[in-house]
$ cat upload17.cif   # mmCIF, C-alpha atoms and all ligand atoms
data_model
loop_
_atom_site.label_atom_id
_atom_site.label_comp_id
_atom_site.auth_asym_id
_atom_site.auth_seq_id
_atom_site.Cartn_x
_atom_site.Cartn_y
_atom_site.Cartn_z
CA MET A 1 -7.59 -21.98 53.02
CA LYS A 2 -7.68 -22.44 49.26
CA ALA A 3 -5.71 -20.26 46.83
CA THR A 4 -7.28 -19.13 43.57
CA LEU A 5 -3.99 -17.61 42.34
CA VAL A 6 -0.37 -18.28 43.27
CA ILE A 7 2.67 -16.30 42.10
CA GLU A 8 5.75 -18.42 42.79
CA ASN A 9 9.53 -18.33 42.31
CA ILE A 10 9.46 -14.53 42.50
CA SER A 11 13.04 -13.33 42.13
CA LYS A 12 12.42 -10.06 44.01
CA LEU A 13 9.23 -9.76 46.01
CA ILE A 14 8.93 -6.24 47.42
CA THR A 15 6.31 -6.50 50.15
CA LEU A 16 6.57 -3.12 51.98
CA LYS A 17 5.38 -5.03 55.01
CA GLY A 18 5.17 -3.11 58.26
CA GLU A 19 2.84 -0.86 60.16
CA ASN A 20 -0.08 0.68 58.34
CA ARG A 21 1.08 4.26 58.71
CA PRO A 22 3.22 6.66 56.68
CA ARG A 23 6.85 5.55 56.59
CA VAL A 24 9.42 8.24 57.43
CA GLY A 25 13.20 8.67 57.27
CA GLN A 26 15.09 5.37 57.26
CA GLU A 27 11.77 3.45 57.22
CA MET A 28 11.30 4.63 53.64
CA ARG A 29 14.21 2.36 52.69
CA GLU A 30 12.87 -0.75 54.41
CA ILE A 31 10.91 -2.39 51.63
CA GLY A 32 10.46 -5.92 52.99
CA LEU A 33 12.34 -7.64 50.16
CA ILE A 34 11.95 -11.43 49.85
CA GLU A 35 14.05 -13.35 47.33
CA ASN A 36 12.45 -16.50 45.86
CA GLY A 37 9.15 -15.21 47.16
CA ILE A 38 5.67 -16.66 46.89
CA VAL A 39 2.24 -15.03 47.21
CA ALA A 40 -1.11 -16.81 47.48
CA ILE A 41 -4.41 -15.09 46.79
CA ASP A 42 -7.98 -16.14 47.47
CA GLY A 43 -10.47 -14.09 45.46
CA ASN A 44 -9.51 -10.46 45.99
CA GLU A 45 -7.45 -11.00 49.14
CA ILE A 46 -3.84 -11.92 49.83
CA ILE A 47 -3.77 -15.02 52.07
CA TYR A 48 -0.08 -15.89 52.21
CA VAL A 49 3.26 -14.16 51.64
CA GLY A 50 6.56 -15.95 52.15
CA GLU A 51 9.67 -17.52 50.73
CA GLY A 52 10.01 -20.82 48.82
CA ASN A 53 6.96 -23.08 48.84
CA LEU A 54 3.43 -22.77 50.17
CA PRO A 55 2.84 -24.03 53.71
CA SER A 56 0.44 -26.97 54.17
CA HIS A 57 -2.51 -24.84 55.36
CA ILE A 58 -2.75 -23.18 51.91
CA GLU A 59 -4.50 -25.60 49.57
CA VAL A 60 -4.44 -25.59 45.78
CA ASP A 61 -6.49 -27.54 43.25
CA ASN A 62 -7.00 -27.80 39.48
CA ASP A 63 -8.67 -24.39 39.40
CA THR A 64 -5.74 -22.60 41.03
CA VAL A 65 -3.87 -20.40 38.56
CA PHE A 66 -0.06 -20.43 38.89
CA ILE A 67 2.21 -17.66 37.62
CA ASP A 68 5.98 -18.12 37.45
CA GLY A 69 7.87 -15.13 38.84
CA THR A 70 11.36 -16.27 37.82
CA GLY A 71 13.42 -13.23 36.85
CA LYS A 72 10.62 -10.85 37.84
CA THR A 73 10.13 -8.11 40.41
CA VAL A 74 6.74 -8.00 42.14
CA THR A 75 5.43 -4.94 44.02
CA PRO A 76 2.11 -3.80 45.48
CA GLY A 77 -0.19 -2.11 42.94
CA LEU A 78 1.05 1.44 42.41
CA ILE A 79 -0.99 4.30 43.83
CA ASP A 80 -1.32 7.63 42.00
CA SER A 81 -2.62 9.86 44.77
CA HIS A 82 -2.83 13.21 42.90
CA THR A 83 -4.47 13.51 39.48
CA HIS A 84 -6.88 15.79 37.65
CA LEU A 85 -8.21 12.75 35.79
CA VAL A 86 -11.56 13.97 34.48
CA HIS A 87 -11.40 16.94 32.09
CA GLY A 88 -12.22 18.01 28.57
CA GLY A 89 -9.78 19.01 25.87
CA SER A 90 -6.01 19.22 25.82
CA ARG A 91 -3.52 22.06 26.02
CA GLU A 92 -0.66 21.36 23.63
CA ASN A 93 -1.18 24.94 22.41
CA GLU A 94 0.70 25.98 25.59
CA LEU A 95 3.90 24.30 24.43
CA ALA A 96 4.94 27.14 22.13
CA MET A 97 4.30 29.68 24.93
CA LYS A 98 6.30 27.61 27.42
CA LEU A 99 9.19 27.33 24.96
CA LYS A 100 9.20 31.12 24.72
CA GLY A 101 9.42 31.31 28.51
CA VAL A 102 5.86 32.42 29.26
CA GLU A 103 5.13 31.33 32.81
CA TYR A 104 2.31 29.06 34.01
CA LEU A 105 0.76 31.75 36.25
CA ASP A 106 0.90 34.32 33.42
CA ILE A 107 -0.96 31.98 31.07
CA LEU A 108 -3.55 31.47 33.82
CA GLU A 109 -3.87 35.19 34.56
CA LYS A 110 -4.50 35.92 30.88
CA GLY A 111 -7.48 33.56 30.88
CA GLY A 112 -5.68 30.49 29.51
CA GLY A 113 -4.40 27.47 31.42
CA ILE A 114 -6.98 26.09 33.84
CA HIS A 115 -9.60 28.51 32.37
CA SER A 116 -9.30 26.94 28.92
CA THR A 117 -9.81 23.46 30.40
CA VAL A 118 -12.81 24.82 32.33
CA LYS A 119 -14.33 25.83 28.99
CA ALA A 120 -13.56 22.48 27.34
CA THR A 121 -14.92 20.57 30.34
CA LYS A 122 -18.15 22.57 30.25
CA GLU A 123 -18.59 21.80 26.55
CA ALA A 124 -17.95 18.05 26.96
CA THR A 125 -20.82 15.67 27.62
CA PHE A 126 -20.79 13.19 30.51
CA GLN A 127 -20.07 10.42 28.00
CA GLU A 128 -17.19 12.31 26.37
CA LEU A 129 -15.57 12.99 29.75
CA TYR A 130 -16.13 9.36 30.72
CA GLU A 131 -14.51 7.97 27.55
CA LYS A 132 -11.52 10.31 27.76
CA ALA A 133 -10.87 9.55 31.44
CA LYS A 134 -11.38 5.83 30.83
CA LYS A 135 -8.68 5.87 28.18
CA SER A 136 -6.33 7.52 30.68
CA LEU A 137 -7.20 4.92 33.32
CA ASP A 138 -6.46 2.12 30.83
CA THR A 139 -3.02 3.65 30.27
CA MET A 140 -2.43 4.08 34.00
CA LEU A 141 -3.39 0.46 34.64
CA SER A 142 -1.02 -0.73 31.92
CA TYR A 143 1.75 1.11 33.82
CA GLY A 144 0.94 -0.72 37.05
CA VAL A 145 -1.39 1.75 38.75
CA THR A 146 -4.30 0.16 40.61
CA THR A 147 -5.60 3.13 42.65
CA VAL A 148 -6.06 6.72 41.50
CA GLU A 149 -7.18 9.92 43.17
CA ALA A 150 -9.27 12.19 40.91
CA LYS A 151 -9.92 15.88 41.57
CA SER A 152 -12.74 18.05 40.32
CA GLY A 153 -11.88 21.70 39.65
CA TYR A 154 -12.63 22.28 35.99
CA GLY A 155 -16.18 23.41 36.64
CA ILE A 156 -15.37 26.06 39.26
CA GLU A 157 -18.23 28.61 39.13
CA ASP A 158 -20.34 26.18 37.16
CA PHE A 159 -21.23 23.85 40.01
CA ASP A 160 -23.08 21.46 37.67
CA VAL A 161 -19.81 20.87 35.85
CA GLU A 162 -17.98 20.21 39.14
CA LEU A 163 -20.69 17.66 39.96
CA LYS A 164 -20.47 16.18 36.45
CA GLN A 165 -16.73 15.61 36.90
CA MET A 166 -17.23 13.87 40.25
CA GLU A 167 -20.11 11.79 38.88
CA VAL A 168 -17.92 10.65 35.99
CA ALA A 169 -15.23 9.64 38.53
CA LYS A 170 -17.85 7.75 40.55
CA LYS A 171 -19.12 5.85 37.50
CA LEU A 172 -15.57 4.98 36.46
CA ASP A 173 -14.86 3.71 39.97
CA GLU A 174 -17.82 1.36 39.51
CA ASP A 175 -16.96 0.30 35.95
CA HIS A 176 -13.17 0.28 35.74
CA PRO A 177 -10.79 -2.13 37.51
CA ILE A 178 -8.84 0.82 38.97
CA ASP A 179 -10.17 2.11 42.31
CA ILE A 180 -10.87 5.84 42.20
CA VAL A 181 -10.96 8.16 45.20
CA SER A 182 -12.58 11.56 44.61
CA THR A 183 -11.50 15.01 45.75
CA PHE A 184 -13.61 18.16 45.54
CA MET A 185 -11.49 21.03 44.23
CA GLY A 186 -13.91 23.84 43.40
CA ALA A 187 -11.14 26.15 44.63
CA HIS A 188 -8.91 25.50 41.62
CA ALA A 189 -9.03 28.95 40.01
CA ILE A 190 -10.94 32.21 40.51
CA PRO A 191 -13.61 32.30 37.78
CA GLU A 192 -13.40 35.35 35.50
CA LYS A 193 -16.84 36.39 36.76
CA TYR A 194 -15.50 36.79 40.32
CA GLU A 195 -12.11 38.30 39.47
CA ASN A 196 -13.05 41.54 41.21
CA ASN A 197 -14.77 39.84 44.12
CA PRO A 198 -13.00 36.56 44.93
CA GLU A 199 -14.42 36.56 48.47
CA LYS A 200 -17.88 36.07 46.98
CA PHE A 201 -16.66 32.94 45.20
CA VAL A 202 -15.05 31.66 48.42
CA ASP A 203 -18.42 32.12 50.16
CA ILE A 204 -20.20 30.17 47.42
CA ILE A 205 -17.73 27.31 47.75
CA ILE A 206 -18.21 27.27 51.52
CA GLU A 207 -21.94 27.86 51.74
CA GLU A 208 -23.26 26.10 48.66
CA MET A 209 -20.79 23.70 47.11
CA ILE A 210 -19.16 21.96 50.09
CA PRO A 211 -22.49 21.13 51.83
CA GLU A 212 -23.91 19.70 48.58
CA VAL A 213 -20.80 17.65 47.72
CA SER A 214 -20.81 16.24 51.23
CA LYS A 215 -24.56 15.50 51.14
CA LYS A 216 -24.24 13.68 47.82
CA GLY A 217 -21.21 11.71 49.11
CA LEU A 218 -19.27 12.61 45.98
CA ALA A 219 -15.84 13.23 47.54
CA LYS A 220 -13.62 12.04 50.36
CA PHE A 221 -11.21 15.01 50.26
CA CYS A 222 -11.33 18.77 49.76
CA ASP A 223 -8.41 20.52 48.02
CA VAL A 224 -7.43 24.14 47.28
CA PHE A 225 -4.91 25.68 44.85
CA CYS A 226 -3.22 27.94 47.39
CA GLU A 227 -1.01 30.14 45.22
CA LYS A 228 -0.16 33.76 44.53
CA GLY A 229 -2.98 35.20 42.40
CA VAL A 230 -5.20 32.17 42.98
CA PHE A 231 -6.40 31.37 46.56
CA SER A 232 -4.66 33.16 49.44
CA ILE A 233 -3.61 31.52 52.70
CA GLU A 234 -6.66 32.94 54.50
CA GLN A 235 -9.09 31.93 51.76
CA SER A 236 -7.56 28.45 51.64
CA ARG A 237 -7.81 28.11 55.41
CA LYS A 238 -11.50 29.07 55.37
CA ILE A 239 -12.34 26.65 52.59
CA LEU A 240 -10.43 23.71 54.06
CA GLU A 241 -11.85 24.29 57.55
CA ALA A 242 -15.35 24.40 56.05
CA GLY A 243 -14.65 21.16 54.19
CA LYS A 244 -13.46 19.57 57.42
CA SER A 245 -16.66 20.53 59.21
CA TYR A 246 -18.55 18.62 56.49
CA GLY A 247 -16.32 15.55 56.81
CA LEU A 248 -14.11 16.27 53.80
CA ILE A 249 -10.45 15.55 54.65
CA PRO A 250 -8.19 18.50 53.73
CA LYS A 251 -5.48 18.38 51.06
CA ILE A 252 -3.68 21.39 49.63
CA HIS A 253 -1.75 22.45 46.51
CA ALA A 254 0.93 24.21 48.55
CA ASP A 255 3.89 26.39 47.56
CA GLU A 256 3.89 25.03 44.02
CA ILE A 257 5.34 28.16 42.44
CA LYS A 258 5.62 30.96 45.03
CA PRO A 259 6.53 30.51 48.71
CA LEU A 260 3.20 31.55 50.18
CA GLY A 261 3.23 29.54 53.44
CA GLY A 262 1.11 26.65 52.19
CA ALA A 263 3.24 24.06 54.00
CA GLU A 264 2.74 25.91 57.31
CA LEU A 265 -0.99 26.11 56.64
CA ALA A 266 -1.13 22.37 55.89
CA ALA A 267 0.43 21.71 59.30
CA ASP A 268 -1.91 24.17 61.08
CA ILE A 269 -5.03 22.62 59.57
CA GLY A 270 -3.84 19.01 59.80
CA CYS A 271 -4.01 18.30 56.07
CA ILE A 272 -3.48 14.64 55.17
CA THR A 273 -1.16 15.76 52.35
CA ALA A 274 0.45 18.96 51.12
CA ASP A 275 1.20 18.60 47.43
CA HIS A 276 3.90 20.14 45.18
CA LEU A 277 5.96 22.04 47.84
CA VAL A 278 8.57 23.17 45.30
CA ALA A 279 8.85 26.57 47.00
CA ALA A 280 8.10 25.44 50.57
CA SER A 281 10.02 27.18 53.36
CA GLU A 282 12.32 25.40 55.84
CA GLU A 283 9.92 26.32 58.63
CA GLY A 284 6.96 24.93 56.67
CA MET A 285 8.72 21.64 56.06
CA LYS A 286 9.65 21.41 59.75
CA ARG A 287 6.06 22.06 60.79
CA MET A 288 4.91 19.35 58.38
CA SER A 289 7.27 16.86 59.98
CA GLU A 290 5.92 17.71 63.46
CA GLU A 291 2.33 17.24 62.32
CA LYS A 292 3.14 14.24 60.08
CA VAL A 293 1.59 15.84 57.00
CA ILE A 294 2.54 13.74 53.97
CA ALA A 295 4.49 15.59 51.27
CA ASN A 296 2.97 14.46 47.98
CA LEU A 297 5.65 15.35 45.43
CA LEU A 298 4.98 15.81 41.72
CA PRO A 299 8.28 16.06 39.82
CA GLY A 300 6.58 15.61 36.44
CA THR A 301 5.02 19.05 36.93
CA SER A 302 8.38 20.71 37.65
CA PHE A 303 9.72 19.00 34.53
CA ASN A 304 6.84 20.23 32.39
CA LEU A 305 6.92 23.78 33.77
CA GLN A 306 10.64 23.93 32.93
CA SER A 307 11.42 26.12 35.92
CA GLY A 308 14.35 23.94 36.92
CA ASN A 309 12.95 23.89 40.47
CA PHE A 310 12.04 20.61 42.12
CA ALA A 311 10.76 19.90 45.63
CA LYS A 312 13.49 19.23 48.19
CA ALA A 313 12.79 15.53 48.60
CA ARG A 314 16.08 14.77 50.40
CA LYS A 315 15.51 17.51 52.94
CA LEU A 316 11.91 16.39 53.55
CA ILE A 317 12.97 12.78 54.12
CA GLU A 318 15.89 13.80 56.35
CA ILE A 319 13.66 15.83 58.67
CA GLY A 320 11.07 13.07 58.93
CA VAL A 321 8.32 14.19 56.56
CA PRO A 322 6.66 11.15 54.94
CA VAL A 323 6.86 11.43 51.15
CA SER A 324 4.51 10.09 48.49
CA LEU A 325 4.83 10.62 44.72
CA SER A 326 2.17 11.12 42.05
CA THR A 327 1.81 12.09 38.41
CA ASP A 328 -0.44 15.16 38.92
CA TYR A 329 -1.88 14.02 35.57
CA ASN A 330 -3.65 17.07 34.09
CA PRO A 331 -3.83 18.66 30.63
CA GLY A 332 -1.66 21.70 31.44
CA SER A 333 1.18 21.25 33.89
CA CYS A 334 1.69 17.49 33.69
CA PRO A 335 0.08 15.74 30.73
CA THR A 336 1.28 12.20 31.47
CA GLU A 337 -0.36 9.12 32.96
CA ASN A 338 3.01 7.38 33.34
CA LEU A 339 3.81 6.93 37.05
CA GLN A 340 6.94 4.90 36.24
CA LEU A 341 8.40 7.97 34.54
CA ILE A 342 7.66 10.02 37.66
CA MET A 343 9.46 7.37 39.72
CA SER A 344 12.54 7.80 37.53
CA PHE A 345 12.36 11.61 37.80
CA ALA A 346 12.09 11.31 41.60
CA SER A 347 15.27 9.31 41.71
CA LEU A 348 17.36 10.84 38.92
CA ILE A 349 16.41 14.46 39.62
CA MET A 350 15.24 14.64 43.26
CA LYS A 351 17.82 12.04 44.39
CA MET A 352 15.40 9.69 46.10
CA THR A 353 16.70 6.14 46.38
CA PRO A 354 14.76 3.40 44.54
CA GLU A 355 13.60 2.07 47.92
CA GLU A 356 12.25 5.49 48.93
CA VAL A 357 10.57 5.82 45.54
CA ILE A 358 8.72 2.50 45.73
CA THR A 359 7.65 3.29 49.31
CA ALA A 360 6.32 6.64 48.07
CA VAL A 361 4.08 5.09 45.38
CA THR A 362 2.81 2.16 47.49
CA ILE A 363 2.32 2.35 51.26
CA ASN A 364 2.85 6.12 51.54
CA GLY A 365 0.59 6.65 48.52
CA ALA A 366 -2.05 4.53 50.26
CA CYS A 367 -1.65 6.70 53.39
CA SER A 368 -2.10 9.82 51.23
CA LEU A 369 -5.56 8.48 50.42
CA GLY A 370 -6.37 7.03 53.86
CA LEU A 371 -6.36 3.51 52.40
CA GLU A 372 -3.39 2.02 54.25
CA SER A 373 -5.34 -0.67 56.08
CA LYS A 374 -6.23 -2.38 52.78
CA LYS A 375 -3.63 -1.23 50.25
CA GLY A 376 0.00 -0.29 49.75
CA SER A 377 1.74 -3.51 50.83
CA ILE A 378 1.74 -7.22 50.02
CA GLU A 379 0.56 -8.71 53.29
CA GLU A 380 -2.00 -11.22 54.43
CA GLY A 381 -5.45 -9.64 54.64
CA LYS A 382 -4.70 -6.85 52.18
CA LYS A 383 -6.33 -6.45 48.77
CA ALA A 384 -4.76 -8.52 46.02
CA ASP A 385 -3.48 -5.58 43.94
CA LEU A 386 0.00 -6.44 42.64
CA VAL A 387 2.31 -5.65 39.75
CA ILE A 388 4.65 -8.12 38.07
CA PHE A 389 7.52 -6.23 36.43
CA ASP A 390 9.62 -7.86 33.75
CA ALA A 391 12.71 -6.55 35.53
CA PRO A 392 15.39 -8.32 37.57
CA ASN A 393 15.30 -5.78 40.40
CA LEU A 394 13.89 -2.45 41.57
CA ASN A 395 16.92 -0.41 40.48
CA TYR A 396 16.42 -1.64 36.92
CA ILE A 397 12.82 -0.38 36.80
CA ILE A 398 13.85 3.11 37.88
CA TYR A 399 17.18 3.41 36.08
CA HIS A 400 15.99 2.09 32.70
CA PHE A 401 13.59 4.98 32.35
CA GLY A 402 10.82 6.09 30.02
CA ILE A 403 9.51 2.66 29.07
CA ASN A 404 6.87 0.41 30.56
CA HIS A 405 8.35 -2.49 32.58
CA VAL A 406 4.98 -4.00 33.54
CA GLU A 407 4.37 -7.57 32.51
CA LYS A 408 1.13 -8.22 34.39
CA VAL A 409 -1.17 -6.36 36.73
CA ILE A 410 -3.23 -8.26 39.29
CA LYS A 411 -6.23 -6.20 40.39
CA ASP A 412 -8.53 -7.61 43.07
CA GLY A 413 -6.96 -11.01 42.44
CA ILE A 414 -7.69 -10.94 38.70
CA VAL A 415 -4.89 -11.00 36.12
CA ILE A 416 -5.53 -7.93 33.98
CA LYS A 417 -2.67 -7.74 31.53
N1 LIG B 1 -1.70 23.78 40.12
C1 LIG B 1 -2.87 23.57 40.01
N2 LIG B 1 -3.47 22.52 39.47
C2 LIG B 1 -2.80 21.59 38.62
C3 LIG B 1 -2.69 22.10 37.24
C4 LIG B 1 -3.98 22.13 36.59
C5 LIG B 1 -3.96 22.70 35.20
O1 LIG B 1 -3.02 23.42 34.84
O2 LIG B 1 -4.92 22.41 34.50
C6 LIG B 1 -1.51 21.12 39.23
O3 LIG B 1 -1.57 20.52 40.30
O4 LIG B 1 -0.43 21.30 38.67
ZN ZN B 2 -2.83 19.21 41.05
#

$ encode --input "upload17.cif" --output "structure tokens" --more "lines below"
Ligand SMILES: N=CN[C@@H](CCC(=O)O)C(=O)O
Ligand SMILES: [Zn+2]
Amino acid sequence: MKATLVIENISKLITLKGENRPRVGQEMREIGLIENGIVAIDGNEIIYVGEGNLPSHIEVDNDTVFIDGTGKTVTPGLIDSHTHLVHGGSRENELAMKLKGVEYLDILEKGGGIHSTVKATKEATFQELYEKAKKSLDTMLSYGVTTVEAKSGYGIEDFDVELKQMEVAKKLDEDHPIDIVSTFMGAHAIPEKYENNPEKFVDIIIEEMIPEVSKKGLAKFCDVFCEKGVFSIEQSRKILEAGKSYGLIPKIHADEIKPLGGAELAADIGCITADHLVAASEEGMKRMSEEKVIANLLPGTSFNLQSGNFAKARKLIEIGVPVSLSTDYNPGSCPTENLQLIMSFASLIMKMTPEEVITAVTINGACSLGLESKKGSIEEGKKADLVIFDAPNLNYIIYHFGINHVEKVIKDGIVIK
């Protein structure tokens, strides 16, 4: 076997090696650390991972590129498994309201929030949405992210706009080094037009939108904003079950602000992830652990909403719920593409250990997107998506917060930065 790229003398090689399934409890601290590590890549695949020198069966020649990892920390490419990547406009006008204490759901109820992004997304052309999202992806990549989930949900009643968002995500997946996985989220807000008859909108999502999205192959997942004043438990159940019957894997925005029973619903339906969970009940968390629903936590959103409430990460880990972490990048409740900042929040605010944090944004993030057989760890046979941090160890990356520690990103075996 011949290597096209070798990273050698790696001071701290964090492999995350192990079974391709969500890591829980103590497993979230077992990060497969190798000191003086070496990784060999052929094309877009990892062909060797070990300590010291390459074994004799891995050949090198004059074309092989060598990178020196002395003093560096190397991890799998980071996975941002919850974003609202494609949208028009921005919402910095909400800052003044937030500083005055106006709540997220009140802004939404008065026709702002998601509704204002719906308007801006409708007005934007395909090309404008593409350029804006591409710029965000470039930033994400520079921060070490190699895989991103992207939700629709800013078209809502305007199905063409929902489709436009997903088509932009598809084109970016083809054009951009980052891999993009799409989620259909028509159930993101009740359109003003259906305010007095939300059931009608639920029927349209179920009868018209889901079949078409599935037929066009535009999404892998279906998501719902299950929240007081948005979609109820019963409406969410109907939509996610309909999605399932069309092959769309269910995800849910659950108990973000009010304790509605979203975590319990996620367990009932068998959602792959339940996201947010700030207000999740003890019973809901327990049910999630029984059904192995991944808790996808988004501390950047709690930070931005200034409620002072964060998901109970310690509790979730203690009772055996697998945890992943994401930015929730969106223009309203978490306008940041910086997953490293989210990693610091998870540790400094939610008290996750650095080992749990890196597990959450690599192998557990891959599991949140059903990509664990190819991504999320540095192991032979997996995709060559890696990050070289100019940092002596993992703790340094998380503790020294708010800056970008990435030195190089390797995506599909190609050195990007
Ligand atoms: N909560 C619902 N959706 C997004 C926010 C979207 C927006 O405010 O535009 C979230 O996950 O936080
Ligand atoms: Zn979201």

$ residues_near_ligand --input "upload17.cif" --ligand "ligand ZN 2 (chain B)" --cutoff "12 Å" --atoms "all atoms listed in the file" --output "PyMOL selection string"
chain A and resi 80-85+114+149-154+183-185+187-189+223-227+251-256+273-277+296-302+326-335

$ residues_around --input "upload17.cif" --residues "Glu59 in chain A" --least-positions-apart "3" --cutoff "9 Å" --atoms "all atoms listed in the file" --output "list in words"
Met1, Lys2, Ala3, Leu54, Pro55 and Ser56 of chain A

$ residues_near_point --input "upload17.cif" --point "(-1.2, -24.5, 42.9)" --cutoff "10 Å" --atoms "all atoms listed in the file" --output "compact mmCIF listing (two decimals) with C-alpha atoms, in the coordinates of the input"
# COMPACT_ATOMS: atom_id res chain seq x y z
CA LYS A 2 -7.68 -22.44 49.26
CA ALA A 3 -5.71 -20.26 46.83
CA THR A 4 -7.28 -19.13 43.57
CA LEU A 5 -3.99 -17.61 42.34
CA VAL A 6 -0.37 -18.28 43.27
CA ILE A 7 2.67 -16.30 42.10
CA GLU A 8 5.75 -18.42 42.79
CA ALA A 40 -1.11 -16.81 47.48
CA LEU A 54 3.43 -22.77 50.17
CA ILE A 58 -2.75 -23.18 51.91
CA GLU A 59 -4.50 -25.60 49.57
CA VAL A 60 -4.44 -25.59 45.78
CA ASP A 61 -6.49 -27.54 43.25
CA ASN A 62 -7.00 -27.80 39.48
CA ASP A 63 -8.67 -24.39 39.40
CA THR A 64 -5.74 -22.60 41.03
CA VAL A 65 -3.87 -20.40 38.56
CA PHE A 66 -0.06 -20.43 38.89
CA ILE A 67 2.21 -17.66 37.62

$ residues_around --input "upload17.cif" --residues "Val387 in chain A" --least-positions-apart "2" --cutoff "7 Å" --atoms "only C-alpha atoms" --output "PDB file with C-alpha atoms, in the coordinates of the input"
ATOM      1  CA  VAL A  74       6.740  -8.000  42.140  1.00  0.00           C
ATOM      2  CA  THR A  75       5.430  -4.940  44.020  1.00  0.00           C
ATOM      3  CA  PRO A  76       2.110  -3.800  45.480  1.00  0.00           C
ATOM      4  CA  GLY A  77      -0.190  -2.110  42.940  1.00  0.00           C
ATOM      5  CA  GLY A 144       0.940  -0.720  37.050  1.00  0.00           C
ATOM      6  CA  PHE A 389       7.520  -6.230  36.430  1.00  0.00           C
ATOM      7  CA  VAL A 406       4.980  -4.000  33.540  1.00  0.00           C
ATOM      8  CA  LYS A 408       1.130  -8.220  34.390  1.00  0.00           C
ATOM      9  CA  VAL A 409      -1.170  -6.360  36.730  1.00  0.00           C
ATOM     10  CA  ILE A 410      -3.230  -8.260  39.290  1.00  0.00           C
TER      11      ILE A 410
END

$ closest_residue --input "upload17.cif" --among "A:Val148, A:Val278, A:Ile41, A:Ile79" --to "ligand LIG 1 (chain B)" --atoms "all atoms listed in the file"
A:Val278

$ closest_residue --input "upload17.cif" --among "A:Ser377, A:Thr73, A:Thr336, A:Thr146" --to "ligand LIG 1 (chain B)" --atoms "all atoms listed in the file"
A:Thr336

$ atom_distance --input "upload17.cif" --atom1 "CA of Tyr246 in chain A" --atom2 "CA of Lys215 in chain A"
8.6 Å

$ closest_residue --input "upload17.cif" --among "A:Gln26, A:Ser116, A:Ser232, A:Asn393" --to "ligand LIG 1 (chain B)" --atoms "all atoms listed in the file"
A:Ser116

$ atom_distance --input "upload17.cif" --atom1 "CA of Pro322 in chain A" --atom2 "CA of Cys271 in chain A"
12.9 Å

$ atom_distance --input "upload17.cif" --atom1 "CA of Pro259 in chain A" --atom2 "CA of Gly284 in chain A"
9.7 Å

$ closest_residue --input "upload17.cif" --among "A:Val49, A:Val321, A:Ile190, A:Ala360" --to "ligand LIG 1 (chain B)" --atoms "all atoms listed in the file"
A:Ile190

$ residues_around --input "upload17.cif" --residues "Lys383 in chain A" --least-positions-apart "6" --cutoff "8 Å" --atoms "all atoms listed in the file" --output "ChimeraX atom specification"
/A:44-46,374-375,412-413

$ closest_residue --input "upload17.cif" --among "A:Leu305, A:Val202, A:Met97, A:Ala169" --to "ligand LIG 1 (chain B)" --atoms "only C-alpha atoms and all ligand atoms"
A:Leu305

$ residues_near_point --input "upload17.cif" --point "(15.9, -8.2, 45.1)" --cutoff "9 Å" --atoms "all atoms listed in the file" --output "list in words"
Ser11, Lys12, Leu13, Ile14, Leu33, Ile34, Glu35, Thr73, Pro392, Asn393 and Leu394 of chain A

$ closest_residue --input "upload17.cif" --among "A:Ile31, A:Ala242, A:Ile342, A:Ser136" --to "Glu19 in chain A" --atoms "all atoms listed in the file"
A:Ile31

$ build_atoms --input "upload17.cif" --residues "range 168-176 of chain A" --atoms "N, CA and C atoms" --output "mmCIF file, in the frame of the given file"
data_model
loop_
_atom_site.group_PDB
_atom_site.id
_atom_site.type_symbol
_atom_site.label_atom_id
_atom_site.label_comp_id
_atom_site.auth_asym_id
_atom_site.auth_seq_id
_atom_site.Cartn_x
_atom_site.Cartn_y
_atom_site.Cartn_z
ATOM 1 N N VAL A 168 -18.681 11.470 36.950
ATOM 2 C CA VAL A 168 -17.920 10.650 35.990
ATOM 3 C C VAL A 168 -16.910 9.785 36.765
ATOM 4 N N ALA A 169 -16.220 10.393 37.733
ATOM 5 C CA ALA A 169 -15.230 9.640 38.530
ATOM 6 C C ALA A 169 -15.916 8.491 39.281
ATOM 7 N N LYS A 170 -17.115 8.772 39.798
ATOM 8 C CA LYS A 170 -17.850 7.750 40.550
ATOM 9 C C LYS A 170 -18.227 6.567 39.647
ATOM 10 N N LYS A 171 -18.713 6.903 38.444
ATOM 11 C CA LYS A 171 -19.120 5.850 37.500
ATOM 12 C C LYS A 171 -17.902 5.028 37.068
ATOM 13 N N LEU A 172 -16.784 5.707 36.857
ATOM 14 C CA LEU A 172 -15.570 4.980 36.460
ATOM 15 C C LEU A 172 -15.076 4.088 37.593
ATOM 16 N N ASP A 173 -15.247 4.544 38.823
ATOM 17 C CA ASP A 173 -14.860 3.710 39.970
ATOM 18 C C ASP A 173 -15.681 2.418 39.952
ATOM 19 N N GLU A 174 -16.961 2.551 39.572
ATOM 20 C CA GLU A 174 -17.820 1.360 39.510
ATOM 21 C C GLU A 174 -17.456 0.457 38.342
ATOM 22 N N ASP A 175 -17.112 1.076 37.191
ATOM 23 C CA ASP A 175 -16.960 0.300 35.950
ATOM 24 C C ASP A 175 -15.542 -0.197 35.686
ATOM 25 N N HIS A 176 -14.555 0.557 36.135
ATOM 26 C CA HIS A 176 -13.170 0.280 35.740
ATOM 27 C C HIS A 176 -12.450 -0.508 36.839
#
